[in-house]
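Structure file data-v7.pdb with PDB, C-alpha atoms:
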```
ATOM      1  CA  MET A1075       1.114   1.678  15.012
ATOM      2  CA  GLU A1076       0.251   2.980  18.438
ATOM      3  CA  LEU A1077       2.370   3.223  21.570
ATOM      4  CA  ARG A1078       0.650   3.654  24.924
ATOM      5  CA  LYS A1079       2.350   4.488  28.206
ATOM      6  CA  GLN A1080       0.708   5.317  31.504
ATOM      7  CA  CYS A1081       2.615   7.475  33.937
ATOM      8  CA  PRO A1082       2.576   5.714  37.352
ATOM      9  CA  SER A1083       2.691   8.950  39.369
ATOM     10  CA  ASN A1084      -0.426  10.608  37.914
ATOM     11  CA  ASN A1085      -2.098   7.808  35.863
ATOM     12  CA  VAL A1086      -2.058   9.961  32.719
ATOM     13  CA  GLU A1087      -1.889   7.841  29.593
ATOM     14  CA  ARG A1088       0.260   9.108  26.730
ATOM     15  CA  ILE A1089      -0.524   7.849  23.247
ATOM     16  CA  ILE A1090       1.881   8.194  20.343
ATOM     17  CA  SER A1091       0.545   7.008  17.011
ATOM     18  CA  GLY A1092       2.064   6.712  13.577
ATOM     19  CA  VAL A1093       1.958   4.912  10.256
ATOM     20  CA  MET A1094       4.573   2.199   9.709
ATOM     21  CA  ALA A1095       5.673   0.985   6.267
ATOM     22  CA  PRO A1096       8.566  -1.052   4.845
ATOM     23  CA  ALA A1097      11.466   1.161   3.758
ATOM     24  CA  GLY A1098      11.651  -0.547   0.359
ATOM     25  CA  LYS A1099      12.215  -3.912  -1.280
ATOM     26  CA  SER A1100      15.990  -3.553  -1.281
ATOM     27  CA  LYS A1101      16.032  -2.653   2.423
ATOM     28  CA  LEU A1102      14.798  -5.850   4.040
ATOM     29  CA  GLY A1103      14.207  -5.500   7.754
ATOM     30  CA  GLN A1104      14.010  -1.699   7.593
ATOM     31  CA  TYR A1105      10.844   0.282   8.289
ATOM     32  CA  THR A1106       9.862   3.925   8.481
ATOM     33  CA  VAL A1107       7.242   5.380  10.800
ATOM     34  CA  LEU A1108       5.549   8.734  10.298
ATOM     35  CA  TYR A1109       4.409  10.018  13.691
ATOM     36  CA  GLN A1110       1.626  12.569  13.428
ATOM     37  CA  SER A1111       0.780  13.001  17.107
ATOM     38  CA  PHE A1112       3.580  15.494  17.791
ATOM     39  CA  PRO A1113       3.369  19.256  17.169
ATOM     40  CA  TYR A1114       5.106  18.533  13.855
ATOM     41  CA  ASN A1115       5.310  15.386  11.746
ATOM     42  CA  TYR A1116       8.244  13.216  12.705
ATOM     43  CA  ASN A1117       9.781  10.389  10.660
ATOM     44  CA  ALA A1118      11.640   7.560  12.327
ATOM     45  CA  SER A1119      13.395   4.604  10.781
ATOM     46  CA  PHE A1120      13.712   1.210  12.411
ATOM     47  CA  MET A1121      16.008  -1.655  11.519
ATOM     48  CA  ILE A1122      15.543  -5.242  12.667
ATOM     49  CA  LEU A1123      19.110  -6.268  13.468
ATOM     50  CA  ASP A1124      18.276  -9.900  14.195
ATOM     51  CA  THR A1125      15.373 -12.176  15.100
ATOM     52  CA  ASP A1126      14.696 -15.872  15.348
ATOM     53  CA  TYR A1127      10.973 -15.221  14.654
ATOM     54  CA  ASP A1128       9.962 -17.376  17.624
ATOM     55  CA  ASN A1129      11.598 -15.924  20.732
ATOM     56  CA  PHE A1130      13.239 -12.524  20.266
ATOM     57  CA  ALA A1131      14.017  -9.564  18.022
ATOM     58  CA  VAL A1132      16.603  -6.790  18.336
ATOM     59  CA  ILE A1133      15.534  -3.459  16.825
ATOM     60  CA  TYR A1134      17.622  -0.308  16.313
ATOM     61  CA  SER A1135      16.645   3.243  15.417
ATOM     62  CA  CYS A1136      18.575   6.438  14.779
ATOM     63  CA  SER A1137      16.384   9.360  13.721
ATOM     64  CA  THR A1138      16.651  13.107  13.325
ATOM     65  CA  ILE A1139      14.222  15.132  15.429
ATOM     66  CA  GLY A1140      13.843  18.267  13.332
ATOM     67  CA  PRO A1141      16.068  21.117  14.513
ATOM     68  CA  VAL A1142      16.460  19.571  17.985
ATOM     69  CA  GLY A1143      18.976  16.870  17.108
ATOM     70  CA  HIS A1144      18.701  13.114  16.843
ATOM     71  CA  THR A1145      17.711  10.139  18.933
ATOM     72  CA  VAL A1146      19.209   6.651  19.103
ATOM     73  CA  SER A1147      17.174   3.763  20.476
ATOM     74  CA  ALA A1148      17.439   0.000  20.640
ATOM     75  CA  TRP A1149      15.007  -2.621  21.887
ATOM     76  CA  VAL A1150      15.250  -6.257  22.794
ATOM     77  CA  LEU A1151      11.772  -7.700  22.302
ATOM     78  CA  ALA A1152      10.866 -11.131  23.597
ATOM     79  CA  ARG A1153       7.692 -13.174  23.362
ATOM     80  CA  GLU A1154       7.979 -14.260  26.984
ATOM     81  CA  ARG A1155       7.791 -11.782  29.839
ATOM     82  CA  LEU A1156      10.857 -13.427  31.415
ATOM     83  CA  PRO A1157      12.820 -14.979  28.535
ATOM     84  CA  PRO A1158      15.198 -17.857  29.297
ATOM     85  CA  GLY A1159      18.908 -17.091  29.662
ATOM     86  CA  PRO A1160      20.016 -18.559  26.297
ATOM     87  CA  ILE A1161      17.562 -16.318  24.439
ATOM     88  CA  LEU A1162      18.792 -13.228  26.296
ATOM     89  CA  GLN A1163      22.409 -14.234  25.633
ATOM     90  CA  ARG A1164      21.703 -14.473  21.906
ATOM     91  CA  ALA A1165      20.026 -11.041  21.924
ATOM     92  CA  TYR A1166      22.935  -9.576  23.904
ATOM     93  CA  GLY A1167      25.309 -11.082  21.352
ATOM     94  CA  VAL A1168      23.505  -9.119  18.613
ATOM     95  CA  LEU A1169      23.900  -5.901  20.618
ATOM     96  CA  ASP A1170      27.606  -6.628  21.102
ATOM     97  CA  LYS A1171      28.050  -7.424  17.392
ATOM     98  CA  TYR A1172      26.687  -3.983  16.447
ATOM     99  CA  ARG A1173      28.556  -2.283  19.333
ATOM    100  CA  ILE A1174      25.394  -1.114  21.049
ATOM    101  CA  ASN A1175      26.136  -0.327  24.693
ATOM    102  CA  ARG A1176      23.900  -2.423  26.977
ATOM    103  CA  SER A1177      24.550  -0.311  30.080
ATOM    104  CA  PHE A1178      21.854   2.232  29.155
ATOM    105  CA  PHE A1179      19.071  -0.312  28.637
ATOM    106  CA  VAL A1180      16.090  -0.047  30.975
ATOM    107  CA  ARG A1181      13.926  -3.046  31.807
ATOM    108  CA  THR A1182      10.255  -2.424  31.039
ATOM    109  CA  VAL A1183       8.098  -2.703  34.142
ATOM    110  CA  GLN A1184       5.255  -5.053  33.246
ATOM    111  CA  GLU A1185       3.602  -5.575  36.614
ATOM    112  CA  ASP A1186      -0.030  -4.458  36.882
ATOM    113  CA  CYS A1187      -0.299  -4.284  33.093
ATOM    114  CA  VAL A1188      -3.796  -4.491  31.723
ATOM    115  CA  VAL A1189      -4.000  -7.375  29.297
ATOM    116  CA  ARG A1190      -6.436  -6.487  26.565
ATOM    117  CA  PRO A1191      -8.775  -9.140  25.209
ATOM    118  CA  PRO A1192      -7.945 -10.579  21.794
ATOM    119  CA  PRO A1193      -9.534  -8.704  18.889
ATOM    120  CA  GLN A1194     -12.888  -9.869  17.585
ATOM    121  CA  PRO A1195     -12.614 -11.922  14.399
ATOM    122  CA  ALA A1196     -13.594 -10.081  11.260
ATOM    123  CA  ILE A1197     -16.591 -11.201   9.238
ATOM    124  CA  ASP A1198     -15.526 -13.184   6.198
ATOM    125  CA  PRO A1199     -17.595 -11.791   3.292
ATOM    126  CA  THR A1200     -17.161 -15.041   1.364
ATOM    127  CA  GLU A1201     -18.943 -17.139   3.988
ATOM    128  CA  PRO A1202     -22.720 -17.631   3.815
ATOM    129  CA  SER A1203     -24.616 -15.276   6.050
ATOM    130  CA  VAL A1204     -26.395 -16.414   9.168
ATOM    131  CA  SER A1205     -28.033 -13.045   9.678
ATOM    132  CA  ARG A1206     -31.672 -12.694   8.664
ATOM    133  CA  ASN A1207     -31.096  -9.344   6.959
ATOM    134  CA  ARG A1208     -28.199 -10.645   4.829
ATOM    135  CA  ASP A1209     -29.973 -13.676   3.348
ATOM    136  CA  HIS A1210     -29.833 -14.124  -0.378
ATOM    137  CA  ALA A1211     -32.898 -13.434  -2.488
ATOM    138  CA  PRO A1212     -34.969 -16.513  -3.255
ATOM    139  CA  ASN A1213     -34.187 -18.081  -6.592
ATOM    140  CA  ASP A1214     -37.653 -19.523  -7.176
ATOM    141  CA  GLN A1215     -38.813 -19.345 -10.761
ATOM    142  CA  ILE A1216     -41.727 -17.012 -11.391
ATOM    143  CA  GLU A1217     -44.077 -18.878 -13.687
ATOM    144  CA  THR A1218     -47.378 -17.073 -13.421
ATOM    145  CA  GLU A1219     -48.530 -13.497 -13.489
ATOM    146  CA  GLU A1220     -50.015 -13.918 -10.005
ATOM    147  CA  GLN A1221     -46.595 -14.918  -8.647
ATOM    148  CA  LEU A1222     -45.060 -11.801 -10.239
ATOM    149  CA  ILE A1223     -47.727  -9.549  -8.722
ATOM    150  CA  GLN A1224     -47.224 -11.156  -5.301
ATOM    151  CA  LEU A1225     -43.431 -10.730  -5.566
ATOM    152  CA  ARG A1226     -43.854  -7.043  -6.403
ATOM    153  CA  LYS A1227     -46.203  -6.613  -3.439
ATOM    154  CA  ASP A1228     -43.652  -8.292  -1.181
ATOM    155  CA  LEU A1229     -40.764  -6.211  -2.539
ATOM    156  CA  PHE A1230     -42.615  -2.928  -2.367
ATOM    157  CA  ALA A1231     -44.497  -3.413   0.886
ATOM    158  CA  ILE A1232     -46.581  -0.397   1.748
ATOM    159  CA  PRO A1233     -45.678   1.119   5.113
ATOM    160  CA  SER A1234     -48.380   1.360   7.746
ATOM    161  CA  GLY A1235     -50.311   4.620   7.762
ATOM    162  CA  ILE A1236     -50.673   4.792   3.967
ATOM    163  CA  ASN A1237     -54.085   4.164   2.442
ATOM    164  CA  HIS A1238     -53.790   0.854   0.576
ATOM    165  CA  GLN A1239     -56.795   1.592  -1.636
ATOM    166  CA  ASP A1240     -54.955   4.454  -3.349
ATOM    167  CA  ILE A1241     -52.166   2.163  -4.607
ATOM    168  CA  GLN A1242     -52.594  -0.336  -7.432
ATOM    169  CA  ILE A1243     -49.954  -2.779  -8.653
ATOM    170  CA  GLU A1244     -50.503  -3.860 -12.225
ATOM    171  CA  PRO A1245     -48.514  -6.311 -14.346
ATOM    172  CA  VAL A1246     -46.123  -4.878 -16.908
ATOM    173  CA  ASP A1247     -46.756  -5.893 -20.505
ATOM    174  CA  ASN A1248     -43.326  -6.710 -21.974
ATOM    175  CA  ASP A1249     -44.756  -7.487 -25.404
ATOM    176  CA  ASP A1250     -44.797  -3.747 -26.302
ATOM    177  CA  ASN A1251     -40.965  -3.596 -26.269
ATOM    178  CA  GLU A1252     -40.457  -6.236 -28.974
TER
END
```
Rendering of file as structure tokens:
Amino acid sequence: MELRKQCPSNNVERIISGVMAPAGKSKLGQYTVLYQSFPYNYNASFMILDTDYDNFAVIYSCSTIGPVGHTVSAWVLARERLPPGPILQRAYGVLDKYRINRSFFVRTVQEDCVVRPPPQPAIDPTEPSVSRNRDHAPNDQIETEEQLIQLRKDLFAIPSGINHQDIQIEPVDNDDNE
């Protein structure tokens, strides 16, 4: 998980990164984050108070900050930049239900935000390759000794600059092993 924020006054970008994991099977909707970008490691826990999975989510966090004290945060996340009134009313109802004071909320300024391109799709290793260097080996049957010698020459091609007369490829007699 990575949070990025650019300060408008000096254009300095702050990056806070951490590892997020579910808090446990019995604690549905609860997650812990280990932040490692501070002078000391910092654990935070997040709880999803409510979501409709399509329009909004309300998230709450109360975490100890080492010897300094603790921090309480809440977020109303919406899929739309300007969510419709009924969606906001439902999110506000969740805040009221948990007695979270809405007067300290700050609207996130989203003007002049850089929209990053969608991530490149990953290569599916189960799909056949279209790349020349990932083609499968030919499955032709080798029936003659000449075909075997030619295959060995192709597999062990001699790089340029090496004297070809010094190298001989001879067939292997497998009858000695029986």
Query raised in the report: Exactly which residues make up the result of the PyMOL selection byres ((chain A and resi 1172-1179) around 10) on this file, given as a VMD selection string?
Result: chain A and resid 1123 1134 1147 to 1150 1166 to 1171 1180 to 1182
Query - Point-to-point distance from atom CA of A:Arg1088 to atom CA of A:Pro1157, Å rounded to tenths - result: 27.2 Å
Query raised in the report: Looking at all atoms listed in the file, which of A:Val1086, A:Ile1122, A:Leu1156, A:Ala1097 is the one that sits closest to A:Gln1184?
Result: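 Closest candidate: A:Leu1156.
Here atom CA of A:Leu1151 and atom CA of A:Ala1131 stand 5.2 Å from one another.
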Query raised in the report: Interatomic distance between atom CA of A:Lys1101 and atom CA of A:Phe1120?
Result: 11.0 Å
Go ahead and fit an axis-aligned box to every listed atom of stretch 1100-1110 of chain A plus 6 Å each side, and pass me the centre and edge lengths in Å, one decimal, as AutoDock Vina command-line options.
```
--center_x 8.8 --center_y 3.4 --center_z 6.2 --size_x 26.4 --size_y 30.4 --size_z 27.0
```
Query raised in the report: Near A:Ile1161, counting only C-alpha atoms, which residues have an atom at most 9 Å away, once you skip same-chain residues fewer than 6 positions from it, shown as a ChimeraX atom specification?
Result: /A:1129-1130,1152
**Report entry** Ground truth for the PyMOL selection byres ((chain A and resi 1119) around 9), written as a PyMOL selection string
**Finding:** chain A and resi 1097+1104-1108+1117-1118+1120-1121+1134-1137
